[in-house]
Each structure stands twice: as structure tokens, then as C-alpha cells.
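Visitor: What follows is the file data-v1.txt, containing compact mmCIF, C-alpha atoms and all ligand atoms:
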# COMPACT_ATOMS: atom_id res chain seq x y z
CA MET A 1 87.80 103.02 108.48
CA ILE A 2 91.52 103.80 108.46
CA GLN A 3 93.41 102.45 111.43
CA ILE A 4 97.02 103.53 111.89
CA GLU A 5 99.17 102.07 114.67
CA GLN A 6 102.61 103.17 115.76
CA LEU A 7 103.56 104.32 112.27
CA SER A 8 107.12 105.60 111.86
CA LYS A 9 109.16 106.65 108.83
CA LYS A 10 112.84 107.50 108.60
CA TYR A 11 113.99 108.14 105.03
CA LYS A 12 117.24 106.56 103.89
CA ASN A 13 120.20 108.70 105.02
CA ALA A 14 117.90 111.03 106.99
CA ASP A 15 119.02 112.01 110.47
CA HIS A 16 115.50 112.29 111.89
CA PHE A 17 112.16 110.50 111.77
CA SER A 18 109.59 112.11 109.44
CA LEU A 19 106.83 110.22 111.28
CA LEU A 20 107.16 108.88 114.79
CA ASP A 21 104.89 106.33 116.47
CA LEU A 22 101.77 107.83 114.96
CA ASP A 23 98.40 106.38 116.04
CA LEU A 24 95.26 107.57 114.28
CA LYS A 25 91.77 106.35 113.42
CA ILE A 26 89.73 107.91 110.64
CA SER A 27 86.12 106.75 110.41
CA SER A 28 84.29 106.00 107.17
CA GLY A 29 82.41 108.95 105.77
CA GLU A 30 84.68 111.60 107.27
CA ILE A 31 86.28 114.57 105.62
CA PHE A 32 89.54 114.43 107.50
CA GLY A 33 92.01 117.29 107.35
CA LEU A 34 95.64 116.47 107.95
CA LEU A 35 97.21 119.79 108.92
CA GLY A 36 100.70 120.80 109.92
CA PRO A 37 103.56 123.20 109.12
CA ASN A 38 106.00 122.61 106.25
CA GLY A 39 107.96 119.43 106.85
CA ALA A 40 105.55 118.12 109.51
CA GLY A 41 105.11 114.77 107.76
CA LYS A 42 101.74 115.15 105.99
CA THR A 43 102.90 114.04 102.52
CA THR A 44 104.92 111.24 104.08
CA LEU A 45 101.82 109.93 105.88
CA ILE A 46 99.59 110.19 102.80
CA SER A 47 102.27 108.54 100.63
CA ILE A 48 102.48 105.61 103.06
CA LEU A 49 98.69 105.23 103.22
CA CYS A 50 98.54 105.19 99.41
CA GLY A 51 101.25 102.52 99.23
CA LEU A 52 103.70 104.82 97.43
CA ILE A 53 106.39 104.47 100.11
CA LYS A 54 106.88 101.95 102.90
CA PRO A 55 106.90 102.81 106.59
CA THR A 56 110.00 102.04 108.64
CA SER A 57 107.78 100.45 111.29
CA GLY A 58 104.17 100.29 112.37
CA THR A 59 101.01 99.11 110.64
CA PHE A 60 97.84 100.43 109.07
CA THR A 61 94.68 99.09 107.47
CA ILE A 62 92.10 100.68 105.22
CA ASP A 63 88.70 99.02 105.41
CA GLY A 64 90.46 96.14 107.17
CA LEU A 65 92.91 95.62 104.29
CA ASP A 66 96.67 96.11 104.17
CA PHE A 67 99.13 96.39 101.30
CA ALA A 68 101.04 93.26 102.28
CA SER A 69 98.07 90.92 101.81
CA ALA A 70 95.59 92.80 99.62
CA LYS A 71 97.52 95.27 97.46
CA LYS A 72 95.31 94.88 94.37
CA LYS A 73 92.04 95.32 96.30
CA LEU A 74 93.41 98.32 98.18
CA LYS A 75 94.56 100.03 94.97
CA GLN A 76 90.97 99.80 93.67
CA LEU A 77 89.54 100.99 96.97
CA ILE A 78 91.59 104.17 97.21
CA GLY A 79 92.06 107.20 94.99
CA ILE A 80 95.12 109.43 95.01
CA VAL A 81 95.33 113.08 94.07
CA PRO A 82 98.99 114.01 94.50
CA GLN A 83 100.42 117.43 95.26
CA GLU A 84 102.44 117.51 92.04
CA TYR A 85 100.41 117.35 88.84
CA ALA A 86 100.46 113.73 87.73
CA LEU A 87 99.56 114.67 84.15
CA TYR A 88 101.15 114.37 80.74
CA PRO A 89 101.44 117.97 79.45
CA SER A 90 101.47 117.07 75.76
CA LEU A 91 98.31 114.97 75.97
CA THR A 92 94.84 116.50 76.02
CA ALA A 93 92.74 116.51 79.21
CA TYR A 94 90.58 113.72 77.77
CA GLU A 95 93.63 111.62 76.77
CA ASN A 96 95.15 112.04 80.23
CA LEU A 97 91.93 110.93 81.90
CA TYR A 98 91.51 108.03 79.49
CA TYR A 99 95.04 106.91 80.30
CA PHE A 100 94.62 107.12 84.09
CA GLY A 101 91.20 105.45 84.01
CA SER A 102 92.59 102.61 81.87
CA MET A 103 95.21 101.98 84.52
CA TYR A 104 92.31 101.03 86.82
CA GLY A 105 90.89 98.69 84.19
CA LEU A 106 88.13 101.12 83.11
CA LYS A 107 86.94 100.86 79.50
CA GLY A 108 83.91 101.06 77.23
CA LYS A 109 81.12 103.54 76.63
CA ILE A 110 80.27 104.15 80.29
CA PHE A 111 83.91 105.00 81.04
CA LYS A 112 84.07 107.49 78.16
CA GLU A 113 80.79 109.04 79.25
CA SER A 114 82.11 109.28 82.80
CA ILE A 115 85.15 111.27 81.58
CA ASP A 116 82.83 113.67 79.74
CA LYS A 117 80.53 113.94 82.75
CA HIS A 118 83.41 114.79 85.10
CA LEU A 119 84.92 117.31 82.68
CA ASP A 120 81.48 118.90 82.57
CA ILE A 121 80.95 118.94 86.36
CA LEU A 122 84.34 120.54 86.91
CA GLY A 123 83.79 123.17 84.23
CA LEU A 124 86.21 121.74 81.69
CA HIS A 125 83.83 120.46 78.99
CA LYS A 126 85.12 123.01 76.46
CA PHE A 127 88.74 122.01 77.09
CA GLY A 128 88.65 118.21 76.89
CA ASP A 129 90.49 118.17 73.56
CA LYS A 130 93.09 120.80 74.53
CA LYS A 131 96.60 119.88 75.61
CA VAL A 132 97.13 120.11 79.36
CA LYS A 133 100.33 122.17 78.91
CA SER A 134 98.17 125.14 77.89
CA PHE A 135 96.02 124.92 81.07
CA SER A 136 96.05 127.28 84.04
CA GLY A 137 97.02 125.95 87.48
CA GLY A 138 93.37 125.72 88.48
CA MET A 139 92.46 123.72 85.37
CA LYS A 140 95.36 121.31 85.92
CA ARG A 141 94.29 120.83 89.55
CA ARG A 142 90.77 119.94 88.40
CA VAL A 143 92.03 117.42 85.81
CA ASN A 144 94.36 116.00 88.50
CA LEU A 145 91.33 115.55 90.74
CA ILE A 146 89.26 113.79 88.08
CA ALA A 147 92.17 111.42 87.37
CA GLY A 148 92.01 110.27 91.00
CA ILE A 149 88.28 109.60 91.15
CA LEU A 150 87.23 108.03 87.84
CA HIS A 151 87.36 104.52 89.34
CA GLN A 152 85.00 105.66 92.14
CA PRO A 153 87.27 105.04 95.13
CA LYS A 154 85.76 104.53 98.57
CA VAL A 155 88.57 106.51 100.18
CA LEU A 156 90.14 109.51 98.48
CA PHE A 157 93.53 110.93 99.53
CA LEU A 158 94.34 114.43 98.36
CA ASP A 159 97.61 116.24 99.01
CA GLU A 160 96.96 120.01 98.90
CA PRO A 161 94.28 119.85 96.20
CA THR A 162 93.63 123.60 96.31
CA VAL A 163 97.19 124.92 96.38
CA GLY A 164 97.95 127.66 93.86
CA VAL A 165 94.46 127.96 92.41
CA ASP A 166 92.09 130.89 92.21
CA VAL A 167 88.99 131.18 94.38
CA GLN A 168 86.74 129.97 91.55
CA SER A 169 88.70 126.75 91.01
CA LYS A 170 89.04 126.25 94.75
CA THR A 171 85.27 126.53 95.18
CA ALA A 172 84.62 124.11 92.30
CA ILE A 173 87.04 121.58 93.83
CA ILE A 174 85.70 121.86 97.39
CA ASP A 175 82.06 121.76 96.23
CA TYR A 176 82.77 118.65 94.20
CA LEU A 177 84.57 116.95 97.09
CA ARG A 178 81.60 117.73 99.35
CA GLU A 179 79.31 116.07 96.80
CA LEU A 180 81.53 113.00 96.64
CA ASN A 181 81.56 112.81 100.43
CA ALA A 182 77.76 113.12 100.60
CA LYS A 183 77.59 110.08 98.31
CA GLY A 184 79.77 108.09 100.72
CA THR A 185 83.42 108.73 99.80
CA THR A 186 85.74 109.15 102.77
CA ILE A 187 88.09 112.06 102.17
CA VAL A 188 91.54 112.57 103.68
CA TYR A 189 93.20 115.78 102.62
CA THR A 190 96.15 117.95 103.51
CA SER A 191 96.10 121.71 103.31
CA HIS A 192 97.74 124.86 104.54
CA HIS A 193 94.44 126.73 104.09
CA LEU A 194 93.16 126.62 107.64
CA ASN A 195 89.99 128.61 106.94
CA GLU A 196 89.14 126.14 104.23
CA ALA A 197 89.83 123.18 106.53
CA GLU A 198 87.75 124.72 109.31
CA LEU A 199 84.70 124.93 107.06
CA PHE A 200 85.28 121.77 105.06
CA CYS A 201 86.47 119.10 107.49
CA THR A 202 84.43 116.96 109.86
CA ASN A 203 87.62 116.18 111.80
CA VAL A 204 91.17 117.44 111.72
CA GLY A 205 94.48 116.18 113.03
CA ILE A 206 97.42 118.55 113.44
CA ILE A 207 100.82 116.94 113.08
CA ASP A 208 104.17 118.45 113.84
CA HIS A 209 107.64 116.88 113.74
CA GLY A 210 106.03 113.64 112.63
CA GLN A 211 103.72 113.37 115.63
CA LEU A 212 100.02 113.92 116.05
CA ILE A 213 99.60 116.82 118.45
CA CYS A 214 95.82 117.22 118.43
CA LEU A 215 92.70 115.66 117.00
CA GLY A 216 89.03 116.64 116.94
CA THR A 217 86.35 118.52 115.09
CA PRO A 218 87.35 122.09 114.16
CA LYS A 219 84.73 123.36 116.62
CA GLU A 220 86.07 121.23 119.49
CA LEU A 221 89.65 122.35 118.90
CA ILE A 222 88.66 126.02 118.76
CA GLN A 223 86.59 125.71 121.95
CA LYS A 224 89.50 124.05 123.78
CA GLU A 225 91.97 126.81 122.92
CA GLU A 226 91.44 129.82 125.14
CA GLY A 227 90.64 132.97 123.20
CA ALA A 228 90.68 131.21 119.83
CA LYS A 229 88.00 132.01 117.28
CA HIS A 230 89.43 130.10 114.35
CA LEU A 231 91.50 127.02 113.62
CA GLU A 232 94.44 129.19 112.54
CA GLU A 233 94.83 130.51 116.10
CA VAL A 234 94.72 126.96 117.48
CA PHE A 235 97.29 125.91 114.90
CA LEU A 236 99.70 128.77 115.71
CA SER A 237 99.32 128.27 119.41
CA LEU A 238 100.18 124.57 119.13
CA THR A 239 102.92 124.74 116.50
CA GLY A 240 104.47 128.14 117.28
CA LYS A 241 105.54 130.99 115.02
CA ALA A 242 109.06 129.79 114.21
CA LEU A 243 109.70 129.35 110.48
CA ARG A 244 109.99 125.75 109.27
CA ASP A 245 112.53 126.13 106.48
CA TYR A 246 114.33 123.01 105.34
CA ALA A 247 116.31 121.95 102.27
N1 LIG B 1 112.50 111.59 100.01
C1 LIG B 1 112.89 112.11 101.18
N2 LIG B 1 114.13 111.86 101.67
C2 LIG B 1 114.55 112.38 102.85
N3 LIG B 1 113.78 113.16 103.64
C3 LIG B 1 112.53 113.44 103.21
C4 LIG B 1 112.02 112.94 101.95
N4 LIG B 1 110.75 113.39 101.80
C5 LIG B 1 110.50 114.14 102.89
N5 LIG B 1 111.54 114.16 103.72
C6 LIG B 1 111.62 114.84 105.02
O1 LIG B 1 110.55 114.37 105.82
C7 LIG B 1 110.01 115.44 106.60
C8 LIG B 1 108.51 115.49 106.34
O2 LIG B 1 108.32 115.88 104.98
P1 LIG B 1 106.88 115.91 104.33
O3 LIG B 1 107.06 116.24 102.89
O4 LIG B 1 106.16 114.66 104.67
O5 LIG B 1 106.22 117.12 105.10
P2 LIG B 1 104.89 117.94 104.78
O6 LIG B 1 104.18 118.10 106.06
O7 LIG B 1 104.14 117.29 103.67
O8 LIG B 1 105.49 119.33 104.30
P3 LIG B 1 104.92 120.42 103.23
O9 LIG B 1 103.80 121.13 103.91
O10 LIG B 1 106.11 121.30 103.01
O11 LIG B 1 104.49 119.68 102.00
C9 LIG B 1 110.78 116.68 106.22
O12 LIG B 1 111.79 116.89 107.20
C10 LIG B 1 111.39 116.35 104.88
O13 LIG B 1 112.62 117.01 104.71
The structure in this file should be written as C-alpha cells.
Ligand SMILES: Nc1ncnc2c1ncn2[C@@H]1O[C@H](COP(=O)(O)OP(=O)(O)OP(=O)(O)O)[C@@H](O)[C@H]1O
Guide:
Amino acid sequence: MIQIEQLSKKYKNADHFSLLDLDLKISSGEIFGLLGPNGAGKTTLISILCGLIKPTSGTFTIDGLDFASAKKKLKQLIGIVPQEYALYPSLTAYENLYYFGSMYGLKGKIFKESIDKHLDILGLHKFGDKKVKSFSGGMKRRVNLIAGILHQPKVLFLDEPTVGVDVQSKTAIIDYLRELNAKGTTIVYTSHHLNEAELFCTNVGIIDHGQLICLGTPKELIQKEEGAKHLEEVFLSLTGKALRDYA
């Protein structure tokens, strides 16, 4: 279970809070969708939960652990699939995965077999020895995903794992995440694909201007919004149509 209490973040020199007094509970076994317009605070929240940046105030625990007292345990417990490709372009897919797995202390025959197995499951078995710089966006996204799950995390955080990929890669990624979840992995993911989130998530939270503005199953949120048939209509009704450009 992830328990977040009164979490706030104001970046150095920023004139506004990117997260403000956010309370949220995510139960074990969920596929939780963190949705919101550009600049809403999704990446900021995921980055804090993964221990990549520190909150300005507030607390959170994952499985009862926090970074202050149990950093090493937490790092093993969670997996991170960042929005930007965290891959070395001039290494092969296999070398990248070997490197990232080693960072979690993985080694030996079972580890190597696990890399091969995951390359196979995600349709990359023919490309393990090819340099990542020659890969399509969809292939890079799939390698990025494998890099985050080789150590079998209990909780997996993914920041827009299906952005910029074709329907085939998207389906392979979502199907694989569903499989992981069925085996017990809690999934927290951000996305701008509201149709995908509607079908994929057990619960969603919409955040805007750093605050949680609604929470529930996709079905509940759609039922609550008069005239809405899909999550996208709920989303637009709650967050408005104004563009969210920032620089
Ligand atoms: N390193 C930073 N320094 C200052 N401000 C930042 C920094 N990173 C993000 N912000 C600001 O924090 C706010 C939330 O940004 P964040 O990236 O968390 O939003 P997001 O919901 O993930 O957006 P997107 O959908 O565009 O990825 C924005 O106003 C952004 O400009």
C-alpha cells in the first residue's frame, strides 16, 4: 500500500507549488492511473515516490517503508520506468539490460536467462545484440520497461510508458503490464491516453495544479459525471479546455 499525506513540492526558484497538500492511498494490487493535463504534477509525484527528488513537505510510505529509514529496502521494492529513455544508445539491448539488472545486484545464469526471457516476451528476441540507437521508439520503450522490472519489484512506477509508440508496441506493453499485475505487482502509471487508462486502470486519480481533484474507478467517475460516456469527458469537464502551455 502507498500512503501519501500532505505532500507538497515547490522547486527551487519556482513561483508556485507543483504539488500541494496531496493526500492519496493506493492499495496493493491496483493498477492506478495518475492522470492530469501538462504541468499538473504527475512526474513530480512519481519522482518523489521513487526517491528521485525530495518533497518540500509531507510524508509517504510504500509498504510501510520510507526513504529516510529504509532507502535500500525501498529501492529493491520498487521499479521505475521513466518518461525519458534511460538507455545507453551505443550499447546493445542485452548490454543495457545487463547493466541495469547489475545495479540491483542481479547476476548469474538465472539473471541472464531472465533477460532473454523478457526480450522474448516483449518481442525483442531477434534484437538483443543490436545497438539501442538503431531501435524504433516502440522498441526503446519496451527495453526501458524491461530495465525497470528485471529485479521483480512489488510496486512499479511508469511515467507515460506508451507515449510515442505504435498500436502494436502499446498493446505489447499494456498486455505485459496486465500480466505483471495479475501476478501481484502493483502498478502506478501516468498517461495522457484516457481511453487506455479507462480500460487498463482499476482506479484513477486526476490531478490538476498539483492537487488531486477526483479519485475512483473509471466506471464510478463516468457515472458521476452527467452525460459522460468516457473518462475523457470527465477529464475535460473537471480540468477545462484551456491550453496548459508552460516553458
Ligand atoms: N525541475 C523543475 N524546476 C522547476 N519547475 C519544475 C521542474 N520540473 C517541473 N516543474 C514544474 O512543476 C509543474 C509540474 O510539472 P510536472 O512535470 O510534474 O507535470 P506533469 O503533470 O508530469 O506534466 P506533463 O504531462 O507535461 O509531463 C510544472 O509547472 C513544471 O513547470
Visitor: Need to verify the contact set: His151 in chain A, 12 Å, all atoms listed in the file, exclusion of same-chain residues closer than 3 positions in sequence. Can you return it as a PyMOL selection string?
Guide: chain A and resi 75-80+97-98+100-107+110-111+114-115+118+145-148+154-156+185
Visitor: Mind pulling up the distance from CA of Gly164 in chain A to CA of Ile48 in chain A?
Guide: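 So the two atoms, CA of Ile48 in chain A and CA of Gly164 in chain A, lie 24.3 Å apart.
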Visitor: Would you kindly return, as a VMD selection string, each protein, DNA or RNA residue with an atom no farther than 10 Å from any atom of Thr186 in chain A, considering only C-alpha atoms and excluding same-chain residues fewer than 6 positions away?
Guide: chain A and resid 1 to 2 26 to 32 78 153 to 157 177 180
Visitor: Rounded to one decimal, what separation in Å do you get between CA of Asp21 in chain A and CA of Lys72 in chain A?
Guide: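 Value for the CA of Asp21 in chain A-CA of Lys72 in chain A distance: 26.7 Å.
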Visitor: Output the neighbourhood of ligand LIG 1 (chain B) as number ranges by chain, that is, all protein and nucleic acid residues with some atom at most 9 Å from the ligand, counting only C-alpha atoms and all ligand atoms.
Guide: A: 9-19, 34-47, 83, 159-160, 190-192, 207-210, 244-247
Visitor: Go ahead and write the selection's residues with C-alpha atoms as an mmCIF file, in the frame of the given file.
Guide:
data_model
loop_
_atom_site.group_PDB
_atom_site.id
_atom_site.type_symbol
_atom_site.label_atom_id
_atom_site.label_comp_id
_atom_site.auth_asym_id
_atom_site.auth_seq_id
_atom_site.Cartn_x
_atom_site.Cartn_y
_atom_site.Cartn_z
ATOM 1 C CA LYS A 9 109.160 106.650 108.830
ATOM 2 C CA LYS A 10 112.840 107.500 108.600
ATOM 3 C CA TYR A 11 113.990 108.140 105.030
ATOM 4 C CA LYS A 12 117.240 106.560 103.890
ATOM 5 C CA ASN A 13 120.200 108.700 105.020
ATOM 6 C CA ALA A 14 117.900 111.030 106.990
ATOM 7 C CA ASP A 15 119.020 112.010 110.470
ATOM 8 C CA HIS A 16 115.500 112.290 111.890
ATOM 9 C CA PHE A 17 112.160 110.500 111.770
ATOM 10 C CA SER A 18 109.590 112.110 109.440
ATOM 11 C CA LEU A 19 106.830 110.220 111.280
ATOM 12 C CA LEU A 34 95.640 116.470 107.950
ATOM 13 C CA LEU A 35 97.210 119.790 108.920
ATOM 14 C CA GLY A 36 100.700 120.800 109.920
ATOM 15 C CA PRO A 37 103.560 123.200 109.120
ATOM 16 C CA ASN A 38 106.000 122.610 106.250
ATOM 17 C CA GLY A 39 107.960 119.430 106.850
ATOM 18 C CA ALA A 40 105.550 118.120 109.510
ATOM 19 C CA GLY A 41 105.110 114.770 107.760
ATOM 20 C CA LYS A 42 101.740 115.150 105.990
ATOM 21 C CA THR A 43 102.900 114.040 102.520
ATOM 22 C CA THR A 44 104.920 111.240 104.080
ATOM 23 C CA LEU A 45 101.820 109.930 105.880
ATOM 24 C CA ILE A 46 99.590 110.190 102.800
ATOM 25 C CA SER A 47 102.270 108.540 100.630
ATOM 26 C CA GLN A 83 100.420 117.430 95.260
ATOM 27 C CA ASP A 159 97.610 116.240 99.010
ATOM 28 C CA GLU A 160 96.960 120.010 98.900
ATOM 29 C CA THR A 190 96.150 117.950 103.510
ATOM 30 C CA SER A 191 96.100 121.710 103.310
ATOM 31 C CA HIS A 192 97.740 124.860 104.540
ATOM 32 C CA ILE A 207 100.820 116.940 113.080
ATOM 33 C CA ASP A 208 104.170 118.450 113.840
ATOM 34 C CA HIS A 209 107.640 116.880 113.740
ATOM 35 C CA GLY A 210 106.030 113.640 112.630
ATOM 36 C CA ARG A 244 109.990 125.750 109.270
ATOM 37 C CA ASP A 245 112.530 126.130 106.480
ATOM 38 C CA TYR A 246 114.330 123.010 105.340
ATOM 39 C CA ALA A 247 116.310 121.950 102.270
#
Visitor: Kindly indicate which residue among A:Leu119, A:Tyr94, A:Leu65, A:Thr217 lies nearest to Lys131 in chain A, using only C-alpha atoms for the distances.
Guide: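 For Lys131 in chain A, the nearest of the given residues is A:Tyr94.
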Visitor: Give me the residues near Asn144 in chain A as JSON, numbers by chain, where near means some atom within 8 Å (using all atoms listed in the file) and where sequence neighbours in that chain fewer than 4 positions away do not count.
Guide: {"A": [81, 82, 85, 86, 87, 140, 148]}
Visitor: Using Å and a single decimal, report how far CA of Thr239 in chain A sits from CA of Leu24 in chain A.
Guide: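 CA of Thr239 in chain A lies at a distance of 18.9 Å from CA of Leu24 in chain A.
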Visitor: Compile the contact shell of Tyr176 in chain A as a PyMOL selection string: residues with an atom at most 10 Å away, counting all atoms listed in the file, same-chain residues fewer than 3 positions apart removed.
Guide: chain A and resi 118+121-122+142+145+170-173+179-182
Visitor: Please provide the set of residues having any atom within 8 Å of Val132 in chain A, restricted to all atoms listed in the file, with same-chain residues fewer than 3 positions apart removed, written as a ChimeraX atom specification.
Guide: /A:87-93,135,140
Visitor: Go ahead and save the residues from that selection, with C-alpha atoms, as a CSV table (one decimal), in the frame of the given file.
Guide:
chain,number,residue,atom,x,y,z
A,87,LEU,CA,99.6,114.7,84.2
A,88,TYR,CA,101.2,114.4,80.7
A,89,PRO,CA,101.4,118.0,79.4
A,90,SER,CA,101.5,117.1,75.8
A,91,LEU,CA,98.3,115.0,76.0
A,92,THR,CA,94.8,116.5,76.0
A,93,ALA,CA,92.7,116.5,79.2
A,135,PHE,CA,96.0,124.9,81.1
A,140,LYS,CA,95.4,121.3,85.9
Visitor: Determine the nearest neighbour of Leu49 in chain A from the options A:Glu198, A:Glu225, A:Glu84, A:Glu5, counting only C-alpha atoms.
Guide: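 Once distances to Leu49 in chain A are computed over only C-alpha atoms, the minimum belongs to A:Glu5.
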Visitor: Which one of A:Phe235, A:Leu52, A:Gly64, A:Leu150 sits closest to Gly205 in chain A if you count only C-alpha atoms?
Guide: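 The closest residue to Gly205 in chain A is A:Phe235.
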Visitor: With all atoms listed in the file as the basis for distance, which of A:Gly123, A:Leu20, A:Ala70, A:Ser8 is at the shortest distance from Ser57 in chain A?
Guide: A:Ser8
